[in-house]
Structures are given as C-alpha cells and as structure tokens.
>>> print(open('input00.tsv').read())   # TSV, C-alpha atoms
chain	number	residue	atom	x	y	z
N	557	MET	CA	-4.00	-8.50	6.21
N	558	ILE	CA	-5.89	-10.14	3.39
N	559	ARG	CA	-4.75	-10.56	-0.21
N	560	TYR	CA	-7.29	-10.34	-3.00
N	561	THR	CA	-6.89	-11.18	-6.64
N	562	LEU	CA	-8.46	-8.21	-8.43
N	563	ARG	CA	-9.61	-7.64	-12.01
N	564	CYS	CA	-10.47	-4.38	-13.77
N	565	ASP	CA	-13.21	-3.92	-16.35
N	566	ALA	CA	-10.57	-4.26	-19.10
N	567	GLY	CA	-9.69	-7.75	-17.85
N	568	HIS	CA	-6.30	-6.98	-16.26
N	569	ALA	CA	-5.57	-9.14	-13.20
N	570	PHE	CA	-3.50	-7.95	-10.24
N	571	GLU	CA	-3.24	-8.35	-6.46
N	572	GLY	CA	-4.13	-6.03	-3.62
N	573	TRP	CA	-3.50	-6.27	0.12
N	574	PHE	CA	-6.07	-4.86	2.55
N	575	ARG	CA	-6.71	-4.84	6.31
N	576	GLY	CA	-10.00	-6.61	5.64
N	577	SER	CA	-12.99	-6.88	3.33
N	578	ASP	CA	-14.46	-3.62	4.66
N	579	ASP	CA	-11.18	-1.83	3.94
N	580	PHE	CA	-11.29	-3.02	0.32
N	581	ASP	CA	-14.92	-1.91	-0.04
N	582	MET	CA	-14.19	1.52	1.46
N	583	GLN	CA	-11.13	2.12	-0.73
N	584	ARG	CA	-12.94	0.95	-3.87
N	585	ALA	CA	-15.92	3.22	-3.13
N	586	ARG	CA	-13.53	6.18	-2.81
N	587	GLY	CA	-11.84	5.31	-6.12
N	588	LEU	CA	-8.52	4.47	-4.45
N	589	VAL	CA	-8.26	0.96	-5.91
N	590	THR	CA	-7.09	1.27	-9.51
N	591	CYS	CA	-5.63	-1.08	-12.10
N	592	PRO	CA	-1.83	-0.67	-12.28
N	593	THR	CA	-1.95	-1.48	-16.00
N	594	CYS	CA	-4.67	0.84	-17.34
N	595	GLY	CA	-5.61	3.01	-14.34
N	596	SER	CA	-9.28	1.98	-14.35
N	597	SER	CA	-11.08	2.31	-11.01
N	598	ALA	CA	-13.76	-0.19	-12.09
N	599	VAL	CA	-12.15	-2.98	-10.06
N	600	ASP	CA	-13.75	-6.07	-8.53
N	601	LYS	CA	-12.51	-9.09	-6.63
N	602	ALA	CA	-11.72	-11.97	-8.97
N	603	LEU	CA	-12.56	-15.59	-8.26
N	604	MET	CA	-9.69	-17.10	-6.31
N	605	ALA	CA	-8.93	-20.37	-4.60
N	606	PRO	CA	-8.94	-20.24	-0.80
N	607	ALA	CA	-5.57	-20.42	0.93
N	608	VAL	CA	-6.03	-23.38	3.28
N	609	ALA	CA	-3.04	-24.44	5.36
N	610	THR	CA	-2.89	-28.22	5.51
N	611	ALA	CA	-0.39	-30.31	7.44
N	612	ARG	CA	1.42	-31.08	4.17
N	613	ALA	CA	1.52	-27.40	3.16
N	614	ARG	CA	2.94	-26.42	6.56
N	615	ALA	CA	5.63	-29.11	6.22
N	616	GLU	CA	6.61	-27.70	2.80
N	617	ILE	CA	7.11	-24.14	4.11
N	618	PRO	CA	10.88	-23.54	4.08
N	619	ALA	CA	12.68	-22.57	7.27
N	620	PRO	CA	13.54	-18.90	7.53
N	621	ALA	CA	17.00	-17.92	6.35
N	622	GLY	CA	19.47	-17.34	9.14
N	623	PRO	CA	22.80	-15.52	9.13
N	624	ASP	CA	24.63	-18.75	8.22
N	625	ARG	CA	22.03	-20.07	5.74
N	626	GLU	CA	21.12	-19.22	2.18
N	627	PRO	CA	17.71	-17.61	1.71
N	628	ALA	CA	14.92	-20.14	1.25
N	629	PRO	CA	13.59	-20.48	-2.28
N	630	SER	CA	10.24	-18.85	-2.86
N	631	SER	CA	7.21	-21.11	-2.86
N	632	VAL	CA	4.97	-18.48	-4.45
N	633	PRO	CA	3.08	-19.94	-7.41
N	634	THR	CA	3.74	-18.52	-10.86
N	635	PRO	CA	0.97	-16.09	-11.86
N	636	PRO	CA	-1.03	-16.53	-15.06
N	637	PRO	CA	0.75	-15.35	-18.22
N	638	GLN	CA	-1.41	-12.20	-18.66
N	639	VAL	CA	-0.03	-10.70	-15.42
N	640	ALA	CA	3.12	-8.62	-15.87
N	641	LEU	CA	5.61	-9.47	-13.13
N	642	SER	CA	7.75	-6.37	-13.50
N	643	PRO	CA	7.66	-3.34	-15.76
N	644	SER	CA	10.44	-2.61	-18.20
N	645	ASP	CA	13.32	-0.49	-16.96
N	646	ALA	CA	12.05	2.49	-18.96
N	647	VAL	CA	8.54	2.24	-17.49
N	648	ARG	CA	9.98	1.77	-13.98
N	649	ALA	CA	12.18	4.86	-14.38
N	650	GLN	CA	9.21	6.86	-15.67
N	651	VAL	CA	6.99	5.82	-12.74
N	652	ILE	CA	9.72	6.65	-10.22
N	653	ALA	CA	10.26	10.05	-11.84
N	654	GLN	CA	6.51	10.79	-11.70
N	655	LEU	CA	6.31	9.69	-8.06
N	656	ARG	CA	9.34	11.82	-7.20
N	657	ALA	CA	7.76	14.88	-8.87
N	658	LEU	CA	4.42	14.28	-7.11
N	659	LYS	CA	6.13	13.86	-3.74
N	660	THR	CA	8.17	17.04	-4.26
N	661	GLU	CA	5.02	18.99	-5.17
N	662	LEU	CA	3.08	17.66	-2.17
N	663	MET	CA	5.91	18.49	0.23
N	664	ALA	CA	6.29	22.00	-1.24
N	665	LYS	CA	2.61	22.71	-0.54
N	666	ALA	CA	2.55	21.24	2.99
N	667	GLU	CA	4.11	21.89	6.37
N	668	ASN	CA	6.62	19.43	7.85
N	669	VAL	CA	5.45	18.80	11.42
N	670	GLY	CA	7.96	15.99	12.04
N	671	THR	CA	7.12	13.54	14.81
N	672	ALA	CA	4.17	15.71	15.88
N	673	PHE	CA	2.29	14.42	12.82
N	674	PRO	CA	-0.27	12.24	14.69
N	675	GLU	CA	-1.16	14.98	17.15
N	676	GLU	CA	-1.34	17.71	14.50
N	677	ALA	CA	-3.46	15.49	12.19
N	678	ARG	CA	-5.91	14.96	15.07
N	679	LYS	CA	-6.07	18.69	15.82
N	680	ILE	CA	-6.86	19.47	12.18
N	681	HIS	CA	-9.41	16.65	11.95
N	682	TYR	CA	-11.25	17.75	15.10
N	683	GLY	CA	-11.15	21.47	14.18
N	684	GLU	CA	-8.66	22.46	16.89
N	685	ALA	CA	-6.10	23.71	14.35
N	686	GLU	CA	-6.35	25.40	10.96
N	687	GLU	CA	-6.94	23.06	8.03
N	688	ARG	CA	-3.77	22.75	5.97
N	689	GLY	CA	-1.53	20.18	4.33
N	690	ILE	CA	0.97	18.57	6.66
N	691	TYR	CA	3.49	15.77	6.51
N	692	GLY	CA	5.76	14.14	9.04
N	693	ALA	CA	6.58	10.87	10.76
N	694	ALA	CA	4.33	8.35	12.51
N	695	SER	CA	4.77	4.81	13.75
N	696	ARG	CA	2.68	1.95	12.38
N	697	GLU	CA	0.64	1.97	15.58
N	698	GLU	CA	-0.01	5.71	15.31
N	699	VAL	CA	-1.05	5.31	11.66
N	700	ALA	CA	-3.45	2.51	12.60
N	701	GLU	CA	-4.96	4.67	15.36
N	702	LEU	CA	-5.43	7.63	13.00
N	703	LEU	CA	-7.15	5.43	10.42
N	704	ASP	CA	-9.35	3.86	13.11
N	705	GLU	CA	-10.46	7.38	14.12
N	706	GLY	CA	-11.46	8.08	10.52
N	707	ILE	CA	-8.61	10.49	9.88
N	708	ASP	CA	-7.59	10.28	6.24
N	709	ILE	CA	-3.85	10.06	5.78
N	710	LEU	CA	-1.67	8.89	2.94
N	711	PRO	CA	1.93	7.69	3.23
N	712	LEU	CA	4.49	9.39	1.05
N	713	PRO	CA	6.44	6.81	-0.98
N	714	VAL	CA	10.04	6.08	-0.08
N	715	LEU	CA	11.75	6.12	-3.46
N	716	PRO	CA	15.00	4.46	-4.54
N	717	ASP	CA	18.17	6.34	-3.62
N	718	GLU	CA	16.40	8.67	-1.15
N	719	HIS	CA	18.28	7.49	1.91
N	720	ASN	CA	21.73	6.92	0.38
>>> encode(input="input00.tsv", output="structure tokens")
Amino acid sequence: MIRYTLRCDAGHAFEGWFRGSDDFDMQRARGLVTCPTCGSSAVDKALMAPAVATARARAEIPAPAGPDREPAPSSVPTPPPQVALSPSDAVRAQVIAQLRALKTELMAKAENVGTAFPEEARKIHYGEAEERGIYGAASREEVAELLDEGIDILPLPVLPDEHN
C-alpha cells in the first residue's frame, strides 16, 4: 500500500491509500478519486516529503501494545491546519444516513449470492451468467484476485451499529 497526499482543484488537501501508483492513476481516470470536502474529481498528487526509515526513526517507533500494556502513543505528525481531522457530529450523522440509504438501495436492487460472490462475479464478467447486480462475501485474497482479473467490484460499507 502507498499513501499519497492529494489536493483538489479547490485547494483542499487530504490523504488517499492505494495499492500502487498505477492504481491511483486508474481510479483517478475513472473519476473514483474525489475530494471529501467539496466532491471535486479534479484531484492530483500533492508534493510530499518521502518517508525514509532511518535507524533513529526505527528506534523511536513505539512497541506494540500488549494485553498488559497501555496502547502506544501515536507518532503521526499533526496535519496542516487547513485539513479537517474529523467532521462535526451533525455532518458525520448525515454522511452515515446517506451511506445507509445508498447501501439499502443497492441491496434492494441486487441479488445476495453469499459466499459464492467471487465465482458468480467471474461468471457474469466472462458472460457465463446473466448480467445483474449481486452482492455477497469474499475474502481479501478473493477480492485481490477479482481486481487482478479486471473484474470491477465495490465493497459495501460496514456502518456503525450494523453488527450489534
């Protein structure tokens, strides 16, 4: 995984994680990389300092928290002031409500194929089954294989309070 500092044409800065540079380029070309602040899809990589691990930096990395230890303090640098760290509670609730409505609509218009998702997605992609919307479960490895084969899939978000 690679982390890029990104900037939209309105000047908003944010981060994005990608499998590689080609993955970023492909997603940007398809309009999938958008600014979380204004929604613009005119996004480019921003100038960023390289992350070089030196002996001193490795020595400063805190030990992982164990069952008998407190969690290690974060060593993540503070972002520039123009970057919002977290939305207000009202904005967060609105985004979650919109995601919940979108997920409900997508699931209502698609067939739940359960754990047969990878196989059924392949059949549809290769023309062996009728083209239709499906959803189901897949492991990380199965997802990676589907993407490597050029099969477009999109994970449904797991929203707060869904598994309580």
>>> atom_distance(input="input00.tsv", atom1="CA of Ser577 (chain N)", atom2="CA of Leu655 (chain N)")
27.9 Å
>>> axis_aligned_box(input="input00.tsv", around="region 567-576 of chain N", padding_each_side="6 Å", output="JSON")
{"center_x": -6.6, "center_y": -7.0, "center_z": -5.8, "size_x": 18.8, "size_y": 16.3, "size_z": 36.2}
>>> closest_residue(input="input00.tsv", among="N:Ser597, N:Gln583, N:Gln654, N:Ser695", to="His568 (chain N)", atoms="all atoms listed in the file")
N:Ser597
>>> closest_residue(input="input00.tsv", among="N:Ile558, N:Pro592, N:Arg563, N:Phe574", to="Val651 (chain N)", atoms="all atoms listed in the file")
N:Pro592
>>> closest_residue(input="input00.tsv", among="N:Ala677, N:Ala664, N:Ala646, N:Ala585", to="Leu703 (chain N)", atoms="all atoms listed in the file")
N:Ala677
>>> atom_distance(input="input00.tsv", atom1="CA of Ala657 (chain N)", atom2="CA of Ile690 (chain N)")
17.3 Å
>>> residues_around(input="input00.tsv", residues="Phe570 (chain N)", least_positions_apart="5", cutoff="9 Å", atoms="all atoms listed in the file", output="list in words")
Tyr560, Thr561, Leu562, Arg563, Cys564, Cys591, Pro592, Thr593, Val639 and Ala640 of chain N
